[in-house]
>>> print(open('work.cif').read())   # mmCIF, C-alpha atoms
data_run
#
loop_
_atom_site.label_atom_id
_atom_site.label_comp_id
_atom_site.auth_asym_id
_atom_site.auth_seq_id
_atom_site.Cartn_x
_atom_site.Cartn_y
_atom_site.Cartn_z
CA MET Z 1 0.00 0.00 0.00
CA PRO Z 2 1.37 3.49 -0.87
CA TYR Z 3 0.05 5.20 2.23
CA PHE Z 4 2.28 3.72 4.93
CA ARG Z 5 4.02 7.00 5.67
CA PHE Z 6 0.72 8.86 5.92
CA TYR Z 7 -0.65 6.26 8.29
CA PHE Z 8 2.42 6.32 10.49
CA TYR Z 9 2.49 10.09 10.80
CA LEU Z 10 -1.19 9.92 11.68
CA VAL Z 11 -0.34 7.30 14.27
CA VAL Z 12 2.27 9.56 15.86
CA PHE Z 13 -0.06 12.54 15.84
CA MET Z 14 -2.93 10.63 17.41
CA ARG Z 15 -0.58 8.95 19.86
CA ASN Z 16 0.64 12.30 21.16
CA PHE Z 17 -2.73 14.04 21.34
CA LEU Z 18 -5.29 11.33 22.07
CA ILE Z 19 -3.65 8.52 23.94
CA HIS Z 20 -3.96 10.12 27.38
CA SER Z 21 -7.63 10.99 27.11
CA VAL Z 22 -9.02 8.05 25.12
CA ARG Z 23 -6.30 5.46 25.58
CA PRO Z 24 -8.24 2.17 25.04
CA LEU Z 25 -10.03 3.29 21.89
CA GLY Z 26 -7.15 5.42 20.62
CA ALA Z 27 -4.55 2.70 21.08
CA ALA Z 28 -6.71 0.11 19.35
CA LEU Z 29 -7.31 2.39 16.40
CA LEU Z 30 -3.66 3.28 16.09
CA VAL Z 31 -2.53 -0.32 16.22
CA ALA Z 32 -5.11 -1.18 13.58
CA LEU Z 33 -3.73 1.52 11.33
CA VAL Z 34 -0.20 0.26 11.71
CA VAL Z 35 -1.20 -3.32 11.05
CA SER Z 36 -3.21 -2.34 7.99
CA ALA Z 37 -0.30 -0.40 6.52
CA CYS Z 38 1.64 -3.01 4.60
CA GLY Z 39 4.34 -0.63 3.35
CA GLY Z 40 4.92 1.42 0.26
CA SER Z 41 7.71 1.36 -2.31
CA GLY Z 42 10.55 -0.10 -0.32
CA SER Z 43 11.26 -2.85 2.15
CA SER Z 44 12.15 -3.52 5.73
CA ALA Z 45 15.82 -3.79 6.65
CA PRO Z 46 17.83 -5.47 9.40
CA PRO Z 47 18.99 -3.46 12.42
CA PRO Z 48 22.28 -1.56 12.07
CA PRO Z 49 25.40 -3.63 12.76
CA GLY Z 50 26.10 -3.67 16.47
CA GLY Z 51 22.71 -2.20 17.37
CA ILE Z 52 22.57 1.17 19.09
CA THR Z 53 24.44 2.88 21.89
CA VAL Z 54 22.66 5.31 24.20
CA GLN Z 55 24.61 7.79 26.30
CA ALA Z 56 22.79 9.38 29.23
CA GLY Z 57 23.10 13.14 29.64
CA ASP Z 58 21.59 15.96 31.65
CA GLY Z 59 17.90 15.80 30.74
CA GLN Z 60 18.75 14.07 27.50
CA ALA Z 61 20.21 11.00 25.81
CA THR Z 62 22.38 10.61 22.70
CA VAL Z 63 21.47 7.67 20.45
CA SER Z 64 24.17 6.45 18.03
CA TRP Z 65 24.52 3.64 15.52
CA THR Z 66 26.38 2.61 12.36
CA ALA Z 67 24.32 3.89 9.45
CA THR Z 68 23.94 2.20 6.06
CA PRO Z 69 23.54 4.28 2.88
CA ASP Z 70 19.92 4.65 1.69
CA ALA Z 71 18.52 3.22 4.93
CA LYS Z 72 16.04 5.18 7.05
CA TYR Z 73 15.99 4.94 10.83
CA TRP Z 74 13.22 5.46 13.36
CA ILE Z 75 13.85 5.77 17.09
CA PHE Z 76 11.27 4.64 19.65
CA TYR Z 77 11.60 5.49 23.34
CA ALA Z 78 9.60 5.71 26.55
CA PRO Z 79 10.01 6.11 30.32
CA ALA Z 80 10.04 2.35 30.84
CA THR Z 81 12.35 -0.59 31.52
CA SER Z 82 12.03 -1.89 27.96
CA ILE Z 83 10.43 -1.04 24.63
CA ASP Z 84 9.86 -2.80 21.33
CA SER Z 85 9.34 -1.08 17.99
CA ARG Z 86 6.32 -3.29 17.29
CA ASN Z 87 4.46 -2.70 20.55
CA TRP Z 88 5.61 0.81 21.46
CA LEU Z 89 2.04 2.14 21.30
CA ASN Z 90 1.17 0.01 24.32
CA VAL Z 91 3.88 1.63 26.43
CA PRO Z 92 2.65 4.73 28.31
CA ASN Z 93 4.14 8.05 27.14
CA SER Z 94 6.11 6.41 24.34
CA LYS Z 95 7.34 8.50 21.41
CA ALA Z 96 8.70 7.92 17.92
CA ILE Z 97 11.28 9.96 15.99
CA LEU Z 98 11.03 9.42 12.24
CA ASN Z 99 13.76 9.40 9.58
CA THR Z 100 16.59 10.51 11.82
CA THR Z 101 20.37 10.41 11.54
CA THR Z 102 23.15 9.37 13.87
CA PRO Z 103 23.94 10.63 16.43
CA TYR Z 104 20.56 11.91 17.57
CA VAL Z 105 20.06 13.80 20.83
CA VAL Z 106 16.71 13.16 22.55
CA THR Z 107 15.91 16.09 24.84
CA GLU Z 108 13.30 17.01 27.47
CA LEU Z 109 13.92 13.88 29.54
CA THR Z 110 13.49 13.83 33.31
CA ASN Z 111 16.65 13.26 35.33
CA GLY Z 112 16.47 10.21 37.56
CA THR Z 113 13.85 8.46 35.40
CA SER Z 114 14.63 5.27 33.45
CA TYR Z 115 14.14 5.50 29.67
CA SER Z 116 14.35 2.67 27.14
CA PHE Z 117 15.28 3.05 23.48
CA THR Z 118 15.09 0.93 20.35
CA LEU Z 119 15.52 1.63 16.64
CA ASN Z 120 14.35 -0.04 13.44
CA THR Z 121 15.37 0.31 9.81
CA ARG Z 122 13.63 0.52 6.47
CA ILE Z 123 14.46 1.15 2.82
CA GLY Z 124 12.41 3.79 1.02
CA GLU Z 125 8.82 3.85 2.25
CA GLY Z 126 8.83 0.25 3.40
CA PRO Z 127 7.80 -0.95 6.86
CA GLY Z 128 10.33 -1.06 9.66
CA GLY Z 129 12.35 -4.20 10.21
CA GLU Z 130 13.17 -5.91 13.46
CA GLY Z 131 14.06 -3.43 16.19
CA THR Z 132 17.40 -3.30 17.98
CA PRO Z 133 17.56 -4.74 21.50
CA SER Z 134 16.09 -2.30 24.00
CA ILE Z 135 18.64 -0.22 25.93
CA THR Z 136 17.75 1.53 29.19
CA ILE Z 137 19.51 4.59 30.60
CA VAL Z 138 18.88 7.08 33.41
CA PRO Z 139 19.53 10.79 32.63
CA ARG Z 140 21.31 12.66 35.44
CA LEU Z 141 22.61 16.10 36.26
CA ALA Z 142 25.80 17.10 34.49
CA GLY Z 143 28.92 17.88 36.46
CA ALA Z 144 29.92 14.57 38.02
CA THR Z 145 32.51 13.73 35.38
CA TRP Z 146 34.46 15.99 33.02
CA ALA Z 147 36.30 15.63 29.74
CA SER Z 148 38.72 17.87 27.87
CA MET Z 149 37.56 19.68 24.73
CA GLY Z 150 39.30 19.20 21.43
CA GLY Z 151 41.76 21.99 20.63
CA ASN Z 152 42.87 24.85 22.85
CA PHE Z 153 41.38 28.02 21.32
CA GLY Z 154 44.70 28.84 19.70
CA GLY Z 155 46.34 29.00 23.11
CA ASN Z 156 44.42 32.18 23.99
CA THR Z 157 42.77 32.57 27.38
CA ILE Z 158 38.97 32.40 27.19
CA ARG Z 159 37.07 34.87 29.39
CA SER Z 160 33.41 34.21 28.57
CA ILE Z 161 31.08 31.77 26.80
CA GLY Z 162 27.63 32.64 25.44
CA TYR Z 163 24.98 30.90 23.36
CA GLY Z 164 22.64 32.11 20.63
CA ALA Z 165 21.72 32.27 16.93
CA GLY Z 166 24.57 32.70 14.50
CA GLY Z 167 22.94 32.64 11.08
CA SER Z 168 20.90 30.07 9.16
CA ASN Z 169 21.41 27.16 6.78
CA ASP Z 170 20.29 26.80 3.16
CA ASN Z 171 16.83 25.73 4.32
CA GLY Z 172 16.40 28.89 6.37
CA GLU Z 173 16.71 27.06 9.68
CA ILE Z 174 18.25 29.13 12.48
CA LEU Z 175 21.61 27.78 13.64
CA ASN Z 176 22.56 28.20 17.29
CA TYR Z 177 26.12 28.22 18.55
CA TYR Z 178 28.19 28.43 21.66
CA VAL Z 179 30.44 31.48 21.31
CA ALA Z 180 33.68 31.94 23.29
CA VAL Z 181 35.69 35.16 23.52
CA GLY Z 182 38.88 36.14 25.29
CA ASP Z 183 42.38 37.58 25.15
CA ASN Z 184 43.87 39.03 21.96
CA GLY Z 185 40.40 39.36 20.48
CA THR Z 186 40.05 35.59 20.18
CA ALA Z 187 36.56 34.46 19.13
CA TRP Z 188 35.33 30.92 18.53
CA ARG Z 189 32.06 29.11 17.89
CA SER Z 190 30.80 25.56 18.39
CA SER Z 191 27.57 23.78 17.54
CA ASP Z 192 28.01 21.24 20.34
CA GLY Z 193 30.20 22.94 22.95
CA ILE Z 194 33.00 20.43 22.36
CA THR Z 195 34.53 21.07 18.93
CA TRP Z 196 35.35 24.70 18.18
CA SER Z 197 36.35 26.77 15.15
CA SER Z 198 37.65 30.34 15.06
CA ILE Z 199 35.48 33.18 13.76
CA PRO Z 200 36.28 36.78 12.77
CA SER Z 201 36.93 39.00 15.77
CA PRO Z 202 35.77 42.59 16.24
CA THR Z 203 39.06 43.59 17.87
CA SER Z 204 42.61 42.56 18.69
CA GLY Z 205 42.08 43.66 22.27
CA LYS Z 206 40.84 41.72 25.28
CA LEU Z 207 37.21 40.57 25.21
CA ASN Z 208 35.86 39.91 28.70
CA ALA Z 209 32.24 38.87 28.18
CA ILE Z 210 29.55 37.98 25.65
CA SER Z 211 25.75 37.74 25.82
CA TYR Z 212 22.94 37.16 23.32
CA LEU Z 213 20.07 39.67 23.00
CA GLY Z 214 18.74 38.99 19.52
CA LYS Z 215 22.36 39.51 18.51
CA HIS Z 216 25.69 38.65 20.09
CA ILE Z 217 27.08 41.52 22.17
CA THR Z 218 30.66 41.39 23.42
CA VAL Z 219 32.42 43.79 25.78
CA GLY Z 220 36.03 44.21 26.83
CA ALA Z 221 39.06 46.30 27.66
CA GLY Z 222 38.95 50.08 27.37
CA GLY Z 223 35.14 50.21 27.21
CA PHE Z 224 35.02 48.21 23.98
CA ILE Z 225 31.58 47.03 22.79
CA ALA Z 226 30.65 45.30 19.52
CA TYR Z 227 27.59 43.44 18.29
CA GLY Z 228 26.71 41.14 15.39
CA THR Z 229 24.07 38.72 14.18
CA ASP Z 230 25.96 36.23 12.01
CA LEU Z 231 29.26 35.72 13.88
CA SER Z 232 31.19 37.03 10.91
CA THR Z 233 30.45 40.77 10.84
CA TRP Z 234 30.69 43.00 13.92
CA THR Z 235 29.68 46.61 14.51
CA GLN Z 236 31.40 48.64 17.20
CA ALA Z 237 29.23 50.65 19.59
CA ASN Z 238 29.98 53.73 21.68
CA SER Z 239 30.07 52.74 25.35
CA GLN Z 240 30.79 56.30 26.51
CA THR Z 241 33.57 55.03 28.77
CA THR Z 242 37.21 54.00 28.59
CA SER Z 243 36.93 51.84 31.71
CA ASN Z 244 37.26 48.10 31.19
CA LEU Z 245 33.89 46.40 30.79
CA ASN Z 246 34.04 43.05 32.57
CA ALA Z 247 30.61 41.44 32.35
CA ILE Z 248 27.29 41.59 30.50
CA SER Z 249 23.90 39.94 31.00
CA ASN Z 250 20.40 40.36 29.59
CA ASN Z 251 16.76 39.60 30.40
CA GLY Z 252 15.57 39.22 26.82
CA VAL Z 253 14.63 42.90 26.56
CA ILE Z 254 17.64 44.85 27.78
CA ALA Z 255 21.30 44.09 28.43
CA ILE Z 256 23.45 45.57 31.18
CA ALA Z 257 27.24 45.74 31.14
CA VAL Z 258 29.39 46.53 34.17
CA GLY Z 259 33.06 47.32 34.59
CA ASP Z 260 35.90 49.06 36.36
CA ASN Z 261 35.30 52.09 38.58
CA GLY Z 262 31.67 51.08 39.11
CA VAL Z 263 30.68 51.68 35.47
CA ILE Z 264 27.17 50.51 34.51
CA ARG Z 265 25.78 50.70 30.97
CA ARG Z 266 22.38 49.63 29.57
CA THR Z 267 21.07 48.90 26.05
CA GLY Z 268 17.99 47.60 24.30
CA ASP Z 269 19.61 46.88 20.95
CA GLY Z 270 23.37 46.54 21.47
CA GLY Z 271 24.05 49.69 19.46
CA THR Z 272 22.91 52.51 21.72
CA TRP Z 273 24.06 52.53 25.35
CA THR Z 274 22.85 54.61 28.29
CA THR Z 275 25.03 55.64 31.21
CA ILE Z 276 23.53 54.50 34.52
CA ALA Z 277 24.45 56.15 37.81
CA SER Z 278 26.41 53.79 40.04
CA PRO Z 279 26.47 53.77 43.85
CA THR Z 280 30.10 52.58 43.89
CA THR Z 281 33.51 53.30 42.40
CA GLN Z 282 34.71 49.75 43.06
CA HIS Z 283 35.45 47.58 40.03
CA LEU Z 284 32.42 45.50 39.05
CA TYR Z 285 33.18 41.99 37.77
CA GLY Z 286 29.80 40.27 37.36
CA VAL Z 287 26.13 40.98 36.63
CA SER Z 288 23.00 38.83 36.26
CA TYR Z 289 19.22 38.98 35.99
CA SER Z 290 16.64 36.99 37.93
CA SER Z 291 13.21 36.23 36.50
CA ASN Z 292 11.72 37.80 39.64
CA GLY Z 293 12.70 41.16 38.07
CA THR Z 294 15.90 41.83 40.03
CA TRP Z 295 19.33 42.67 38.64
CA ASN Z 296 22.44 41.98 40.74
CA ALA Z 297 26.06 43.07 40.25
CA VAL Z 298 29.19 42.12 42.20
CA GLY Z 299 32.71 43.40 42.44
CA ALA Z 300 35.87 44.22 44.34
CA GLN Z 301 36.08 44.10 48.15
CA GLY Z 302 32.74 42.33 48.53
CA THR Z 303 30.72 44.87 46.54
CA LEU Z 304 27.09 43.88 46.00
CA LEU Z 305 24.56 45.95 44.03
CA MET Z 306 20.91 45.38 43.14
CA SER Z 307 18.26 46.99 40.95
CA THR Z 308 14.53 46.31 40.85
CA ASP Z 309 13.46 48.86 38.23
CA GLY Z 310 14.98 47.49 35.04
CA GLY Z 311 18.51 48.54 35.83
CA SER Z 312 17.71 52.27 35.99
CA THR Z 313 18.70 52.76 39.63
CA TRP Z 314 21.03 50.68 41.79
CA LYS Z 315 21.71 50.40 45.49
CA ALA Z 316 24.47 48.73 47.48
CA THR Z 317 23.75 45.90 49.91
CA ALA Z 318 25.93 44.40 52.63
CA SER Z 319 27.91 41.29 51.72
CA GLY Z 320 29.69 40.59 54.99
CA THR Z 321 32.98 39.94 53.18
CA SER Z 322 35.92 41.96 51.91
CA ASN Z 323 36.89 39.31 49.37
CA ASP Z 324 36.51 40.22 45.71
CA LEU Z 325 33.30 38.84 44.22
CA HIS Z 326 33.65 37.84 40.57
CA ALA Z 327 30.32 36.39 39.43
CA VAL Z 328 26.65 36.27 40.34
CA VAL Z 329 23.86 34.04 39.04
CA ALA Z 330 20.14 33.59 39.69
CA GLN Z 331 18.12 30.39 39.81
CA ALA Z 332 14.34 29.97 39.60
CA ASN Z 333 12.78 26.79 41.01
CA THR Z 334 9.10 26.03 40.37
CA VAL Z 335 7.24 23.44 42.41
CA THR Z 336 3.92 22.34 40.92
CA THR Z 337 1.21 20.41 42.77
CA THR Z 338 -2.22 19.37 41.58
CA SER Z 339 -3.67 22.73 42.54
CA THR Z 340 -0.85 25.27 42.78
CA SER Z 341 2.47 26.28 41.27
CA THR Z 342 5.04 28.08 43.43
CA THR Z 343 8.32 29.62 42.24
CA SER Z 344 11.21 30.48 44.54
CA TYR Z 345 14.31 32.44 43.57
CA THR Z 346 17.89 31.93 44.68
CA THR Z 347 20.80 34.26 43.90
CA VAL Z 348 24.40 33.16 44.42
CA ALA Z 349 27.56 35.30 44.33
CA VAL Z 350 31.03 33.72 44.22
CA GLY Z 351 34.51 35.09 44.72
CA ASP Z 352 38.04 34.77 46.06
CA LYS Z 353 39.09 32.17 48.65
CA GLY Z 354 36.09 29.97 47.89
CA THR Z 355 33.58 32.65 48.87
CA VAL Z 356 29.95 31.72 48.22
CA LEU Z 357 27.10 34.02 49.26
CA ARG Z 358 23.44 33.07 48.92
CA SER Z 359 20.35 35.29 48.88
CA ALA Z 360 16.74 34.10 49.00
CA ASP Z 361 15.23 37.58 48.68
CA GLY Z 362 16.68 38.84 45.41
CA GLY Z 363 19.87 40.28 46.87
CA THR Z 364 18.74 42.30 49.88
CA THR Z 365 20.28 39.95 52.44
CA TRP Z 366 23.12 37.49 51.92
CA VAL Z 367 24.33 34.47 53.88
CA SER Z 368 27.80 32.93 53.55
CA GLN Z 369 27.89 29.26 52.54
CA ASN Z 370 30.55 26.55 52.82
CA SER Z 371 31.77 25.99 49.26
CA GLY Z 372 34.14 23.14 50.14
CA THR Z 373 37.09 24.91 48.51
CA THR Z 374 39.52 27.78 49.10
CA ALA Z 375 40.13 28.31 45.38
CA ASN Z 376 39.23 31.64 43.81
CA LEU Z 377 35.80 31.27 42.17
CA LEU Z 378 35.64 33.43 39.05
CA THR Z 379 32.56 32.41 37.04
CA SER Z 380 29.11 30.88 37.52
CA SER Z 381 26.04 29.66 35.64
CA SER Z 382 22.78 27.88 36.43
CA THR Z 383 19.66 26.04 35.34
CA ASN Z 384 16.54 25.45 37.42
CA GLN Z 385 18.13 22.24 38.70
CA GLN Z 386 21.72 23.17 39.51
CA ILE Z 387 24.20 26.00 40.02
CA VAL Z 388 27.82 25.63 38.95
CA ALA Z 389 30.88 27.79 39.62
CA ALA Z 390 34.51 27.47 38.51
CA GLY Z 391 37.84 29.12 39.06
CA SER Z 392 41.52 28.70 39.89
CA GLU Z 393 43.36 25.37 39.55
CA GLY Z 394 40.53 23.93 37.48
CA THR Z 395 38.17 24.01 40.46
CA ILE Z 396 34.50 23.34 39.72
CA ILE Z 397 31.75 23.30 42.35
CA ARG Z 398 28.03 22.70 41.97
CA SER Z 399 24.88 22.80 44.06
CA PRO Z 400 21.16 22.11 43.55
CA ASP Z 401 20.16 25.12 45.64
CA GLY Z 402 23.20 27.19 46.62
CA LEU Z 403 23.31 25.65 50.09
CA ALA Z 404 25.22 22.35 49.88
CA TRP Z 405 28.11 22.26 47.40
CA THR Z 406 29.98 19.41 45.74
CA VAL Z 407 33.54 19.87 44.49
CA SER Z 408 34.02 18.20 41.09
CA THR Z 409 37.26 16.88 39.65
CA ALA Z 410 38.41 18.35 36.34
CA PRO Z 411 40.48 16.23 33.93
CA THR Z 412 44.06 15.92 35.19
CA THR Z 413 45.34 17.90 32.18
CA GLN Z 414 43.32 20.92 33.32
CA THR Z 415 43.85 20.95 37.09
CA SER Z 416 46.53 23.64 36.93
CA SER Z 417 44.50 25.92 34.63
CA THR Z 418 42.28 28.74 35.85
CA LEU Z 419 38.74 28.62 34.45
CA TYR Z 420 37.29 32.05 33.73
CA ALA Z 421 34.14 31.06 31.81
CA VAL Z 422 31.36 28.56 32.42
CA LEU Z 423 27.98 28.09 30.74
CA TYR Z 424 25.35 25.58 31.81
CA GLY Z 425 22.06 24.45 30.36
CA TYR Z 426 22.32 24.40 26.58
CA LEU Z 427 22.30 20.98 24.88
CA GLY Z 428 22.42 19.40 28.35
CA LYS Z 429 26.06 20.36 28.92
CA ILE Z 430 28.24 22.36 31.24
CA VAL Z 431 31.02 23.99 29.23
CA ALA Z 432 33.99 25.73 30.88
CA ALA Z 433 37.16 27.35 29.52
CA GLY Z 434 39.98 29.57 30.61
CA GLN Z 435 43.72 29.99 30.92
CA ASN Z 436 45.76 29.44 27.75
CA GLY Z 437 42.78 27.88 25.98
CA ALA Z 438 42.01 25.20 28.56
CA GLY Z 439 38.52 23.78 28.02
CA VAL Z 440 36.38 21.11 29.68
CA TYR Z 441 32.80 19.91 29.46
CA SER Z 442 30.36 17.66 31.29
CA GLN Z 443 27.11 16.15 30.04
#
>>> encode(input="work.cif", output="structure tokens")
Amino acid sequence: MPYFRFYFYLVVFMRNFLIHSVRPLGAALLVALVVSACGGSGSSAPPPPGGITVQAGDGQATVSWTATPDAKYWIFYAPATSIDSRNWLNVPNSKAILNTTTPYVVTELTNGTSYSFTLNTRIGEGPGGEGTPSITIVPRLAGATWASMGGNFGGNTIRSIGYGAGGSNDNGEILNYYVAVGDNGTAWRSSDGITWSSIPSPTSGKLNAISYLGKHITVGAGGFIAYGTDLSTWTQANSQTTSNLNAISNNGVIAIAVGDNGVIRRTGDGGTWTTIASPTTQHLYGVSYSSNGTWNAVGAQGTLLMSTDGGSTWKATASGTSNDLHAVVAQANTVTTTSTSTTSYTTVAVGDKGTVLRSADGGTTWVSQNSGTTANLLTSSSTNQQIVAAGSEGTIIRSPDGLAWTVSTAPTTQTSSTLYAVLYGYLGKIVAAGQNGAGVYSQ
């Protein structure tokens, strides 16, 4: 029959939208459709040689196999202890991925839950052949084990890593990249956070930070600011300062950059920047936004600033430390019950001598935490499940809530390298880089 593909797509559609509300009738109908579809022009094919491998990641899994030319592959998976490509419809919450290539990253998985995967093969529009043996994995938070990246960014020290769109392919699909910047104007991009290639730089000077606000915006030494949309052409902006700009963050509408001598600058487009009055002349090294509407900035000698009006006005708050604070990050945690949904916000600042400060009220009051290290902590990042910070001697620490911290072990080749940049959450990875091009990742 020539309508196998149509039937199967209908199966997937109905499976996703009907199975939970009309499961007995829906499942029976779907199975009937599959059985009645005897295949189109093509044939079934044996499983790939060696079956499949499935690597667990943070909220995801990577499925790999040895592909054969002209063969088409369909992945079936579910939160279960086993799955078969011929009875997958009978497994609750099962899903199918059609006509995919190796390796394929399955996302939106729940950490700590067992998932089983299988794959079958077909030629043309034929029916699927026998499925591979089911493989079960359990996704888990990244950060427990680390590996070295390929290459070393040309030996240049990396100061910041961002993530965002960097152009499109021939089909008009938006392509997203990790982007790393650092000393000597070095600029690199990566589609996976592991393998990197150099890109044109807007300057030969030092780039300290990068953030994505509809375009990539990078800031650096001497008040330098540049922005671009395609990672090949950059436009320099007037920052109205010659002070070093050390950090930048955005909330999706505006971006704020901070720097030496308490400098604060704000933009809505990357091109035009407004000077914001600062309550301090201390050097500012980090800035972040919390989805509760609060901006926080940190700096030398324990400086802590906060803004609750979109970054227009700032006030200083007490930190209880004289150690330099280098980075600040916010985390939103939502707990949903059958009747309510509650979101709490945690802000964490990190600095020299293993300093970790935690705020549960947006940055008004701060409490010192035991980080488990005396290393200088220079950078931080977060998702709603975990906060990570990194710094001198390849030190990496992480916490689910900013209270209890675990010290991770970097690869032995990186333990003597200072890490200045870390980014967590994209493609289920933590990516960190720093001194002389050192780079590590965890997934």
>>> resolve_selection(input="work.cif", expression="the PyMOL selection byres ((chain Z and resi 170-187) around 9)", output="PyMOL selection string")
chain Z and resi 153-154+156-169+188-193+196-210+216+218+220+231+421+426+433-434
>>> atom_distance(input="work.cif", atom1="CA of Thr281 (chain Z)", atom2="CA of Val356 (chain Z)")
22.6 Å
>>> residues_around(input="work.cif", residues="Val298 (chain Z)", least_positions_apart="5", cutoff="9 Å", atoms="only C-alpha atoms", output="VMD selection string")
chain Z and resid 283 to 287 303 to 306 324 to 328 349 to 350
>>> resolve_selection(input="work.cif", expression="the PyMOL selection byres ((chain Z and resi 222) around 7)", output="VMD selection string")
chain Z and resid 220 to 221 223 to 224 242 to 244
>>> atom_distance(input="work.cif", atom1="CA of Val335 (chain Z)", atom2="CA of Asp401 (chain Z)")
13.4 Å
>>> resolve_selection(input="work.cif", expression="the PyMOL selection byres ((chain Z and resi 45) around 8)", output="list in words")
Ser43, Ser44, Pro46, Pro47, Ala71, Asn120, Thr121, Arg122, Ile123, Gly128, Gly129 and Glu130 of chain Z
>>> residues_around(input="work.cif", residues="Ser148 (chain Z)", least_positions_apart="2", cutoff="7 Å", atoms="only C-alpha atoms", output="list of chain:residue names")
Z:Trp146, Z:Gly150, Z:Pro411, Z:Gly439, Z:Val440, Z:Tyr441
>>> residues_around(input="work.cif", residues="Ala80 (chain Z)", least_positions_apart="3", cutoff="7 Å", atoms="only C-alpha atoms", output="PyMOL selection string")
chain Z and resi 114-116
>>> residues_around(input="work.cif", residues="Ala257 (chain Z)", least_positions_apart="3", cutoff="6 Å", atoms="all atoms listed in the file", output="list in words")
Ala247, Ile248, Ile264 and Arg265 of chain Z
>>> residues_around(input="work.cif", residues="Ser94 (chain Z)", least_positions_apart="2", cutoff="9 Å", atoms="all atoms listed in the file", output="PyMOL selection string")
chain Z and resi 15-16+76-80+83+88-92+96
>>> closest_residue(input="work.cif", among="Z:Ser442, Z:Thr233, Z:Thr418, Z:Thr355", to="Glu393 (chain Z)", atoms="only C-alpha atoms")
Z:Thr418
>>> atom_distance(input="work.cif", atom1="CA of Ser249 (chain Z)", atom2="CA of Ile397 (chain Z)")
21.6 Å
>>> decode(input="work.cif", residues="region 229-244 of chain Z", atoms="C-alpha atoms", output="CSV table (one decimal), in the first residue's frame")
chain,number,residue,atom,x,y,z
Z,229,THR,CA,24.1,38.7,14.2
Z,230,ASP,CA,26.0,36.2,12.0
Z,231,LEU,CA,29.3,35.7,13.9
Z,232,SER,CA,31.2,37.0,10.9
Z,233,THR,CA,30.5,40.8,10.8
Z,234,TRP,CA,30.7,43.0,13.9
Z,235,THR,CA,29.7,46.6,14.5
Z,236,GLN,CA,31.4,48.6,17.2
Z,237,ALA,CA,29.2,50.7,19.6
Z,238,ASN,CA,30.0,53.7,21.7
Z,239,SER,CA,30.1,52.7,25.3
Z,240,GLN,CA,30.8,56.3,26.5
Z,241,THR,CA,33.6,55.0,28.8
Z,242,THR,CA,37.2,54.0,28.6
Z,243,SER,CA,36.9,51.8,31.7
Z,244,ASN,CA,37.3,48.1,31.2
